[in-house]
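K.L.:
The following file, final-v7.pdb, comprises PDB, C-alpha atoms, pLDDT in the B column:
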ATOM      1  CA  MET A   1       0.000   0.000   0.000  1.00 94.00           C
ATOM      2  CA  GLU A   2       1.070   3.557  -0.665  1.00 97.00           C
ATOM      3  CA  PHE A   3       0.148   6.229   1.888  1.00 98.00           C
ATOM      4  CA  GLU A   4       0.224   9.792   0.548  1.00 97.00           C
ATOM      5  CA  PRO A   5      -0.514  12.811   2.743  1.00 97.00           C
ATOM      6  CA  THR A   6      -2.785  15.345   1.043  1.00 98.00           C
ATOM      7  CA  ALA A   7      -2.536  19.151   1.222  1.00 97.00           C
ATOM      8  CA  ILE A   8      -3.807  18.670   4.788  1.00 98.00           C
ATOM      9  CA  PRO A   9      -1.217  16.124   5.987  1.00 97.00           C
ATOM     10  CA  GLU A  10      -3.484  14.323   8.489  1.00 97.00           C
ATOM     11  CA  VAL A  11      -5.838  13.408   5.627  1.00 98.00           C
ATOM     12  CA  VAL A  12      -4.159  10.538   3.794  1.00 98.00           C
ATOM     13  CA  LEU A  13      -4.803   9.097   0.336  1.00 98.00           C
ATOM     14  CA  ILE A  14      -4.210   5.344   0.317  1.00 98.00           C
ATOM     15  CA  ARG A  15      -3.442   3.413  -2.846  1.00 97.00           C
ATOM     16  CA  PRO A  16      -3.669  -0.327  -2.250  1.00 95.00           C
ATOM     17  CA  LYS A  17      -1.819  -2.814  -4.420  1.00 95.00           C
ATOM     18  CA  VAL A  18      -4.336  -4.451  -6.724  1.00 94.00           C
ATOM     19  CA  PHE A  19      -3.545  -7.894  -8.124  1.00 94.00           C
ATOM     20  CA  GLY A  20      -5.638  -8.629 -11.193  1.00 92.00           C
ATOM     21  CA  ASP A  21      -5.950 -11.145 -13.973  1.00 93.00           C
ATOM     22  CA  ALA A  22      -8.653 -12.466 -16.304  1.00 94.00           C
ATOM     23  CA  ARG A  23     -10.671 -13.690 -13.297  1.00 93.00           C
ATOM     24  CA  GLY A  24     -10.872 -10.290 -11.601  1.00 92.00           C
ATOM     25  CA  TYR A  25      -8.743  -8.757  -8.868  1.00 92.00           C
ATOM     26  CA  PHE A  26      -7.695  -9.000  -5.228  1.00 94.00           C
ATOM     27  CA  MET A  27      -6.620  -6.220  -2.859  1.00 93.00           C
ATOM     28  CA  GLU A  28      -6.230  -5.602   0.852  1.00 93.00           C
ATOM     29  CA  SER A  29      -8.478  -2.770   1.971  1.00 93.00           C
ATOM     30  CA  TRP A  30      -7.244  -2.827   5.574  1.00 94.00           C
ATOM     31  CA  GLU A  31      -4.239  -4.401   7.242  1.00 94.00           C
ATOM     32  CA  ARG A  32      -3.469  -3.227  10.777  1.00 95.00           C
ATOM     33  CA  ARG A  33       0.328  -3.574  10.560  1.00 96.00           C
ATOM     34  CA  LYS A  34       0.667  -1.716   7.251  1.00 96.00           C
ATOM     35  CA  PHE A  35      -1.503   1.139   8.483  1.00 96.00           C
ATOM     36  CA  ALA A  36       0.384   1.306  11.807  1.00 96.00           C
ATOM     37  CA  ASN A  37       3.725   1.383   9.961  1.00 97.00           C
ATOM     38  CA  ALA A  38       2.371   4.389   8.028  1.00 96.00           C
ATOM     39  CA  GLY A  39       1.553   6.160  11.302  1.00 96.00           C
ATOM     40  CA  LEU A  40      -2.126   5.209  11.297  1.00 97.00           C
ATOM     41  CA  ALA A  41      -2.572   2.955  14.335  1.00 96.00           C
ATOM     42  CA  LEU A  42      -6.358   2.741  14.088  1.00 96.00           C
ATOM     43  CA  ASP A  43      -9.046   0.844  15.939  1.00 96.00           C
ATOM     44  CA  PHE A  44     -12.275   0.528  13.977  1.00 98.00           C
ATOM     45  CA  VAL A  45     -15.594  -0.230  15.670  1.00 98.00           C
ATOM     46  CA  GLN A  46     -18.096  -0.242  12.804  1.00 96.00           C
ATOM     47  CA  ASP A  47     -18.359  -0.642   9.009  1.00 97.00           C
ATOM     48  CA  ASN A  48     -20.970   1.281   7.003  1.00 97.00           C
ATOM     49  CA  HIS A  49     -22.249   1.004   3.428  1.00 98.00           C
ATOM     50  CA  SER A  50     -24.167   3.712   1.573  1.00 98.00           C
ATOM     51  CA  HIS A  51     -25.714   3.441  -1.905  1.00 98.00           C
ATOM     52  CA  SER A  52     -26.570   6.667  -3.725  1.00 98.00           C
ATOM     53  CA  ALA A  53     -27.599   7.918  -7.177  1.00 98.00           C
ATOM     54  CA  ARG A  54     -25.913  10.539  -9.379  1.00 98.00           C
ATOM     55  CA  HIS A  55     -25.585  14.040  -7.875  1.00 98.00           C
ATOM     56  CA  ILE A  56     -26.534  12.884  -4.377  1.00 98.00           C
ATOM     57  CA  LEU A  57     -24.426  14.946  -1.999  1.00 98.00           C
ATOM     58  CA  ARG A  58     -24.012  13.658   1.540  1.00 98.00           C
ATOM     59  CA  GLY A  59     -22.384  16.014   4.002  1.00 96.00           C
ATOM     60  CA  LEU A  60     -20.633  17.814   5.383  1.00 98.00           C
ATOM     61  CA  HIS A  61     -21.059  15.598   8.474  1.00 98.00           C
ATOM     62  CA  TYR A  62     -19.257  15.097  11.786  1.00 98.00           C
ATOM     63  CA  GLN A  63     -19.896  14.240  15.429  1.00 98.00           C
ATOM     64  CA  ILE A  64     -18.974  17.024  17.866  1.00 98.00           C
ATOM     65  CA  ARG A  65     -18.548  14.438  20.647  1.00 97.00           C
ATOM     66  CA  GLN A  66     -17.375  10.900  19.969  1.00 97.00           C
ATOM     67  CA  PRO A  67     -15.658  12.182  16.816  1.00 98.00           C
ATOM     68  CA  GLN A  68     -15.204   9.529  14.177  1.00 98.00           C
ATOM     69  CA  GLY A  69     -12.176   8.879  12.045  1.00 98.00           C
ATOM     70  CA  LYS A  70     -13.257   7.381   8.719  1.00 98.00           C
ATOM     71  CA  LEU A  71     -11.493   5.150   6.229  1.00 98.00           C
ATOM     72  CA  VAL A  72     -13.581   5.565   3.079  1.00 98.00           C
ATOM     73  CA  ARG A  73     -13.668   3.848  -0.310  1.00 98.00           C
ATOM     74  CA  VAL A  74     -15.963   3.178  -3.262  1.00 98.00           C
ATOM     75  CA  THR A  75     -16.756  -0.326  -4.528  1.00 98.00           C
ATOM     76  CA  HIS A  76     -19.111   0.684  -7.355  1.00 98.00           C
ATOM     77  CA  GLY A  77     -19.147   3.973  -9.261  1.00 98.00           C
ATOM     78  CA  ARG A  78     -17.304   7.249  -8.597  1.00 98.00           C
ATOM     79  CA  VAL A  79     -17.514   9.983  -5.972  1.00 98.00           C
ATOM     80  CA  PHE A  80     -15.795  13.250  -5.151  1.00 98.00           C
ATOM     81  CA  ASP A  81     -14.842  12.885  -1.488  1.00 98.00           C
ATOM     82  CA  VAL A  82     -14.163  15.901   0.745  1.00 98.00           C
ATOM     83  CA  ALA A  83     -12.621  16.428   4.190  1.00 98.00           C
ATOM     84  CA  VAL A  84     -12.805  19.836   5.920  1.00 98.00           C
ATOM     85  CA  ASP A  85     -10.576  20.683   8.876  1.00 98.00           C
ATOM     86  CA  ILE A  86     -12.851  22.027  11.637  1.00 98.00           C
ATOM     87  CA  ARG A  87     -10.252  22.090  14.426  1.00 98.00           C
ATOM     88  CA  ARG A  88     -10.041  25.759  15.444  1.00 97.00           C
ATOM     89  CA  SER A  89      -6.463  25.306  16.792  1.00 97.00           C
ATOM     90  CA  SER A  90      -5.226  23.764  13.538  1.00 98.00           C
ATOM     91  CA  PRO A  91      -3.089  25.689  11.025  1.00 98.00           C
ATOM     92  CA  THR A  92      -5.360  24.264   8.298  1.00 98.00           C
ATOM     93  CA  PHE A  93      -8.638  25.283  10.018  1.00 98.00           C
ATOM     94  CA  ALA A  94     -11.463  25.797   7.469  1.00 98.00           C
ATOM     95  CA  ARG A  95      -9.398  24.303   4.628  1.00 98.00           C
ATOM     96  CA  TRP A  96     -10.612  21.345   2.602  1.00 98.00           C
ATOM     97  CA  VAL A  97      -9.194  18.606   0.409  1.00 98.00           C
ATOM     98  CA  GLY A  98     -11.064  16.610  -2.196  1.00 98.00           C
ATOM     99  CA  VAL A  99     -10.207  13.464  -4.136  1.00 98.00           C
ATOM    100  CA  GLU A 100     -12.001  11.196  -6.568  1.00 98.00           C
ATOM    101  CA  LEU A 101     -12.587   7.717  -5.226  1.00 98.00           C
ATOM    102  CA  SER A 102     -13.843   5.042  -7.595  1.00 98.00           C
ATOM    103  CA  ALA A 103     -14.270   1.331  -8.111  1.00 97.00           C
ATOM    104  CA  GLU A 104     -11.674   1.664 -10.884  1.00 97.00           C
ATOM    105  CA  ASN A 105      -8.893   3.469  -8.997  1.00 97.00           C
ATOM    106  CA  HIS A 106      -9.468   1.542  -5.698  1.00 97.00           C
ATOM    107  CA  HIS A 107      -8.157   4.539  -3.727  1.00 98.00           C
ATOM    108  CA  MET A 108      -9.149   5.085  -0.114  1.00 98.00           C
ATOM    109  CA  LEU A 109      -9.077   8.203   2.023  1.00 98.00           C
ATOM    110  CA  TRP A 110      -8.329   8.441   5.737  1.00 98.00           C
ATOM    111  CA  VAL A 111     -10.398  11.272   7.274  1.00 98.00           C
ATOM    112  CA  PRO A 112      -9.281  11.698  10.892  1.00 98.00           C
ATOM    113  CA  PRO A 113     -11.420  12.832  13.818  1.00 98.00           C
ATOM    114  CA  GLY A 114     -11.769  16.613  13.833  1.00 98.00           C
ATOM    115  CA  PHE A 115     -12.865  16.839  10.214  1.00 98.00           C
ATOM    116  CA  ALA A 116     -16.238  17.275   8.554  1.00 98.00           C
ATOM    117  CA  HIS A 117     -16.765  14.835   5.698  1.00 98.00           C
ATOM    118  CA  GLY A 118     -18.944  14.637   2.618  1.00 98.00           C
ATOM    119  CA  TYR A 119     -19.113  13.288  -0.899  1.00 98.00           C
ATOM    120  CA  LEU A 120     -20.843  13.866  -4.224  1.00 98.00           C
ATOM    121  CA  VAL A 121     -21.780  10.944  -6.479  1.00 98.00           C
ATOM    122  CA  LEU A 122     -20.329  11.459  -9.975  1.00 98.00           C
ATOM    123  CA  SER A 123     -21.505   8.232 -11.627  1.00 98.00           C
ATOM    124  CA  GLU A 124     -25.031   6.913 -12.240  1.00 98.00           C
ATOM    125  CA  SER A 125     -24.828   5.375  -8.773  1.00 98.00           C
ATOM    126  CA  ALA A 126     -22.153   4.555  -6.221  1.00 98.00           C
ATOM    127  CA  ASP A 127     -21.574   2.221  -3.300  1.00 98.00           C
ATOM    128  CA  PHE A 128     -19.593   3.980  -0.584  1.00 98.00           C
ATOM    129  CA  LEU A 129     -18.013   1.965   2.244  1.00 98.00           C
ATOM    130  CA  TYR A 130     -16.410   3.324   5.364  1.00 97.00           C
ATOM    131  CA  LYS A 131     -14.904   2.070   8.574  1.00 98.00           C
ATOM    132  CA  VAL A 132     -15.232   4.331  11.629  1.00 98.00           C
ATOM    133  CA  THR A 133     -13.244   4.680  14.842  1.00 98.00           C
ATOM    134  CA  ASP A 134     -16.193   5.480  17.118  1.00 98.00           C
ATOM    135  CA  PHE A 135     -19.840   4.557  17.271  1.00 97.00           C
ATOM    136  CA  TRP A 136     -22.627   6.580  15.694  1.00 96.00           C
ATOM    137  CA  ALA A 137     -24.047   9.022  18.227  1.00 97.00           C
ATOM    138  CA  PRO A 138     -27.050  10.799  16.683  1.00 97.00           C
ATOM    139  CA  GLU A 139     -27.285  13.261  19.582  1.00 98.00           C
ATOM    140  CA  HIS A 140     -23.782  14.531  18.696  1.00 98.00           C
ATOM    141  CA  GLU A 141     -24.240  14.511  14.924  1.00 97.00           C
ATOM    142  CA  ARG A 142     -23.664  17.861  13.211  1.00 98.00           C
ATOM    143  CA  ALA A 143     -23.489  19.176   9.654  1.00 98.00           C
ATOM    144  CA  ILE A 144     -22.170  22.208   7.804  1.00 98.00           C
ATOM    145  CA  ARG A 145     -23.789  23.623   4.663  1.00 98.00           C
ATOM    146  CA  TRP A 146     -22.289  21.911   1.609  1.00 98.00           C
ATOM    147  CA  ASN A 147     -21.796  25.166  -0.322  1.00 97.00           C
ATOM    148  CA  ASP A 148     -20.618  27.443   2.476  1.00 98.00           C
ATOM    149  CA  PRO A 149     -18.539  30.239   0.895  1.00 97.00           C
ATOM    150  CA  THR A 150     -16.120  30.403   3.844  1.00 96.00           C
ATOM    151  CA  ILE A 151     -14.990  26.860   3.079  1.00 98.00           C
ATOM    152  CA  GLY A 152     -15.462  27.119  -0.687  1.00 98.00           C
ATOM    153  CA  VAL A 153     -15.484  23.453  -1.681  1.00 98.00           C
ATOM    154  CA  GLN A 154     -15.303  23.198  -5.469  1.00 98.00           C
ATOM    155  CA  TRP A 155     -17.812  20.405  -6.014  1.00 98.00           C
ATOM    156  CA  PRO A 156     -17.525  19.047  -9.590  1.00 98.00           C
ATOM    157  CA  LEU A 157     -21.174  19.557 -10.537  1.00 97.00           C
ATOM    158  CA  PRO A 158     -22.052  20.142 -14.204  1.00 94.00           C
ATOM    159  CA  ALA A 159     -22.975  23.744 -15.047  1.00 93.00           C
ATOM    160  CA  GLY A 160     -26.496  24.469 -13.844  1.00 92.00           C
ATOM    161  CA  ALA A 161     -26.810  21.215 -11.888  1.00 94.00           C
ATOM    162  CA  GLU A 162     -27.798  21.207  -8.234  1.00 95.00           C
ATOM    163  CA  PRO A 163     -26.989  18.367  -5.856  1.00 98.00           C
ATOM    164  CA  VAL A 164     -29.711  16.227  -4.319  1.00 98.00           C
ATOM    165  CA  LEU A 165     -29.637  16.765  -0.551  1.00 98.00           C
ATOM    166  CA  SER A 166     -31.391  15.277   2.439  1.00 98.00           C
ATOM    167  CA  GLY A 167     -33.659  17.640   4.363  1.00 97.00           C
ATOM    168  CA  LYS A 168     -31.115  17.709   7.164  1.00 96.00           C
ATOM    169  CA  ASP A 169     -28.241  18.592   4.835  1.00 98.00           C
ATOM    170  CA  ALA A 170     -30.318  21.282   3.082  1.00 98.00           C
ATOM    171  CA  ALA A 171     -30.960  22.901   6.485  1.00 98.00           C
ATOM    172  CA  ALA A 172     -27.356  22.605   7.728  1.00 98.00           C
ATOM    173  CA  PRO A 173     -25.930  25.781   9.265  1.00 98.00           C
ATOM    174  CA  ALA A 174     -23.267  27.968   7.714  1.00 98.00           C
ATOM    175  CA  PHE A 175     -19.687  27.327   8.775  1.00 98.00           C
ATOM    176  CA  GLY A 176     -19.647  30.468  10.939  1.00 97.00           C
ATOM    177  CA  ASP A 177     -22.646  29.163  12.916  1.00 98.00           C
ATOM    178  CA  ALA A 178     -21.445  25.561  13.216  1.00 97.00           C
ATOM    179  CA  GLU A 179     -20.037  23.973  16.350  1.00 97.00           C
ATOM    180  CA  VAL A 180     -16.374  23.182  15.737  1.00 97.00           C
ATOM    181  CA  TYR A 181     -13.590  21.494  17.677  1.00 97.00           C
ATOM    182  CA  PRO A 182     -11.215  23.505  19.887  1.00 95.00           C
TER     183      PRO A 182
END
Step by step, read the file and then write its structure as structure tokens.
P.N.:
Amino acid sequence: MEFEPTAIPEVVLIRPKVFGDARGYFMESWERRKFANAGLALDFVQDNHSHSARHILRGLHYQIRQPQGKLVRVTHGRVFDVAVDIRRSSPTFARWVGVELSAENHHMLWVPPGFAHGYLVLSESADFLYKVTDFWAPEHERAIRWNDPTIGVQWPLPAGAEPVLSGKDAAAPAFGDAEVYP
């Protein structure tokens, strides 16, 4: 596996080795020792799977207490995946990184605790899988508006297209009104 820090070094792009032939392919999506050797000694407590259609945008989500680190990947389709640093004490506070994850490139992204996370489906549909480091706590769940100008995420939507949002995501507060980490 290759581990490549992004423009926000704590967010890491992971490129697994994929072994393929006429029958298909094999890859490791998680191996404790390899991740630990890359400085990511992680303990996951839950796996999640989300299926979404084109232009569905999920996010920007986080838990203000019981923050979750997420190891994310796509097993069908393509998404634009985004992590936003919402740690007020961080030198990269309010900055974001985005990468394309797809079934074809097999890339994964490590989004550590302290970050808001979201993704936009680029293909007809996508299956999005993620491992988390803490349990879901709906009472601590928060969101930030997907198109907040302070953050300025450049979502790759076609000209004139609007994302499809949940009611909760459509009503998410602006970044300036959101609860953030110290």
K.L.:
Kindly resolve the PyMOL selection byres ((chain A and resi 168) around 10) on the present coordinates and return the residues as a list of chain:residue names.
P.N.:
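Against this file, the PyMOL selection byres ((chain A and resi 168) around 10) returns the residues A:Arg58, A:Gly59, A:Arg142, A:Ala143, A:Arg145, A:Leu165, A:Ser166, A:Gly167, A:Asp169, A:Ala170, A:Ala171, A:Ala172, A:Pro173.
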K.L.:
Just checking: using only C-alpha atoms, which residue out of A:Pro16, A:Leu71, A:Asp85, A:Asp177 ends up closest to A:Asn105?
P.N.:
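Closest residue, counting only C-alpha atoms: A:Pro16.
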K.L.:
For a test of reading the model, state the distance in Å between atom CA of A:Ala116 and atom CA of A:Arg33, rounded to one decimal.
P.N.:
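Value for the atom CA of A:Ala116-atom CA of A:Arg33 distance: 26.7 Å.
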K.L.:
Can you turn the PyMOL selection byres ((chain A and resi 157) around 12) into a concrete residue list for this file, as a list in words?
P.N.:
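For this structure, the PyMOL selection byres ((chain A and resi 157) around 12) resolves to Arg54, His55, Ile56, Leu57, Val79, Phe80, Tyr119, Leu120, Val121, Leu122, Ser123, Asn147, Val153, Gln154, Trp155, Pro156, Pro158, Ala159, Gly160, Ala161, Glu162, Pro163 and Val164 of chain A.
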K.L.:
Which one of A:Ala126, A:Ala38, A:Val99, A:Ala22 sits closest to A:Val74 if you count only C-alpha atoms?
P.N.:
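Closest to A:Val74 of all the choices is A:Ala126.
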K.L.:
Would you mind reading off the distance between atom CA of A:Gly176 and atom CA of A:Asp134, one decimal, in Å?
P.N.:
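Computing it gives 26.0 Å between the two atoms.
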K.L.:
For the atom pair atom CA of A:Glu139 and atom CA of A:Gly118, what is the interatomic distance in Å to one decimal place?
P.N.:
19.0 Å
K.L.:
Counting all atoms listed in the file, which of A:Gly114, A:Phe3, A:Gly24, A:Gly77 gets nearest to A:Ser89?
P.N.:
A:Gly114
K.L.:
The PyMOL selection byres ((chain A and resi 41) around 12) on the file shown: which residues, as a list in words?
P.N.:
Trp30, Glu31, Arg32, Arg33, Lys34, Phe35, Ala36, Asn37, Ala38, Gly39, Leu40, Leu42, Asp43, Phe44, Gly69, Trp110, Pro112 and Thr133 of chain A
K.L.:
Counting only C-alpha atoms, which residue out of A:Pro91, A:Pro182, A:Pro113, A:Gly98 sits closest to A:Gln68?
P.N.:
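Residue with the minimum atom-to-atom distance to A:Gln68: A:Pro113.
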K.L.:
Please rebuild stretch 129-148 of chain A with N, CA and C atoms and give the result as a PDB file, in the frame of the given file.
P.N.:
ATOM      1  N   LEU A 129     -18.257   2.733   1.025  1.00 98.00           N
ATOM      2  CA  LEU A 129     -18.013   1.965   2.244  1.00 98.00           C
ATOM      3  C   LEU A 129     -17.063   2.732   3.148  1.00 98.00           C
ATOM      4  N   TYR A 130     -17.327   2.674   4.445  1.00 97.00           N
ATOM      5  CA  TYR A 130     -16.410   3.324   5.364  1.00 97.00           C
ATOM      6  C   TYR A 130     -16.391   2.635   6.712  1.00 97.00           C
ATOM      7  N   LYS A 131     -15.168   2.594   7.245  1.00 98.00           N
ATOM      8  CA  LYS A 131     -14.904   2.070   8.574  1.00 98.00           C
ATOM      9  C   LYS A 131     -14.773   3.284   9.485  1.00 98.00           C
ATOM     10  N   VAL A 132     -15.299   3.195  10.707  1.00 98.00           N
ATOM     11  CA  VAL A 132     -15.232   4.331  11.629  1.00 98.00           C
ATOM     12  C   VAL A 132     -14.588   3.927  12.950  1.00 98.00           C
ATOM     13  N   THR A 133     -13.992   4.928  13.610  1.00 98.00           N
ATOM     14  CA  THR A 133     -13.244   4.680  14.842  1.00 98.00           C
ATOM     15  C   THR A 133     -14.075   4.876  16.103  1.00 98.00           C
ATOM     16  N   ASP A 134     -15.306   5.365  15.963  1.00 98.00           N
ATOM     17  CA  ASP A 134     -16.193   5.480  17.118  1.00 98.00           C
ATOM     18  C   ASP A 134     -17.616   5.222  16.647  1.00 98.00           C
ATOM     19  N   PHE A 135     -18.470   4.914  17.594  1.00 97.00           N
ATOM     20  CA  PHE A 135     -19.840   4.557  17.271  1.00 97.00           C
ATOM     21  C   PHE A 135     -20.672   5.771  16.877  1.00 97.00           C
ATOM     22  N   TRP A 136     -21.690   5.536  16.087  1.00 96.00           N
ATOM     23  CA  TRP A 136     -22.627   6.580  15.694  1.00 96.00           C
ATOM     24  C   TRP A 136     -23.341   7.082  16.939  1.00 96.00           C
ATOM     25  N   ALA A 137     -23.389   8.388  17.088  1.00 97.00           N
ATOM     26  CA  ALA A 137     -24.047   9.022  18.227  1.00 97.00           C
ATOM     27  C   ALA A 137     -24.946  10.131  17.686  1.00 97.00           C
ATOM     28  N   PRO A 138     -26.192   9.811  17.348  1.00 97.00           N
ATOM     29  CA  PRO A 138     -27.050  10.799  16.683  1.00 97.00           C
ATOM     30  C   PRO A 138     -27.215  12.099  17.461  1.00 97.00           C
ATOM     31  N   GLU A 139     -27.136  12.033  18.791  1.00 98.00           N
ATOM     32  CA  GLU A 139     -27.285  13.261  19.582  1.00 98.00           C
ATOM     33  C   GLU A 139     -26.093  14.207  19.408  1.00 98.00           C
ATOM     34  N   HIS A 140     -24.973  13.710  18.904  1.00 98.00           N
ATOM     35  CA  HIS A 140     -23.782  14.531  18.696  1.00 98.00           C
ATOM     36  C   HIS A 140     -23.518  14.817  17.218  1.00 98.00           C
ATOM     37  N   GLU A 141     -24.408  14.337  16.360  1.00 97.00           N
ATOM     38  CA  GLU A 141     -24.240  14.511  14.924  1.00 97.00           C
ATOM     39  C   GLU A 141     -24.459  15.975  14.540  1.00 97.00           C
ATOM     40  N   ARG A 142     -23.583  16.490  13.689  1.00 98.00           N
ATOM     41  CA  ARG A 142     -23.664  17.861  13.211  1.00 98.00           C
ATOM     42  C   ARG A 142     -23.403  17.875  11.705  1.00 98.00           C
ATOM     43  N   ALA A 143     -23.749  19.001  11.083  1.00 98.00           N
ATOM     44  CA  ALA A 143     -23.489  19.176   9.654  1.00 98.00           C
ATOM     45  C   ALA A 143     -23.170  20.641   9.394  1.00 98.00           C
ATOM     46  N   ILE A 144     -22.469  20.872   8.298  1.00 98.00           N
ATOM     47  CA  ILE A 144     -22.170  22.208   7.804  1.00 98.00           C
ATOM     48  C   ILE A 144     -22.693  22.283   6.378  1.00 98.00           C
ATOM     49  N   ARG A 145     -23.228  23.431   6.005  1.00 98.00           N
ATOM     50  CA  ARG A 145     -23.789  23.623   4.663  1.00 98.00           C
ATOM     51  C   ARG A 145     -22.756  23.251   3.596  1.00 98.00           C
ATOM     52  N   TRP A 146     -23.162  22.460   2.649  1.00 98.00           N
ATOM     53  CA  TRP A 146     -22.289  21.911   1.609  1.00 98.00           C
ATOM     54  C   TRP A 146     -21.616  22.992   0.764  1.00 98.00           C
ATOM     55  N   ASN A 147     -22.311  24.122   0.568  1.00 97.00           N
ATOM     56  CA  ASN A 147     -21.796  25.166  -0.322  1.00 97.00           C
ATOM     57  C   ASN A 147     -21.401  26.425   0.430  1.00 97.00           C
ATOM     58  N   ASP A 148     -20.991  26.282   1.672  1.00 98.00           N
ATOM     59  CA  ASP A 148     -20.618  27.443   2.476  1.00 98.00           C
ATOM     60  C   ASP A 148     -19.453  28.180   1.818  1.00 98.00           C
TER      61      ASP A 148
END
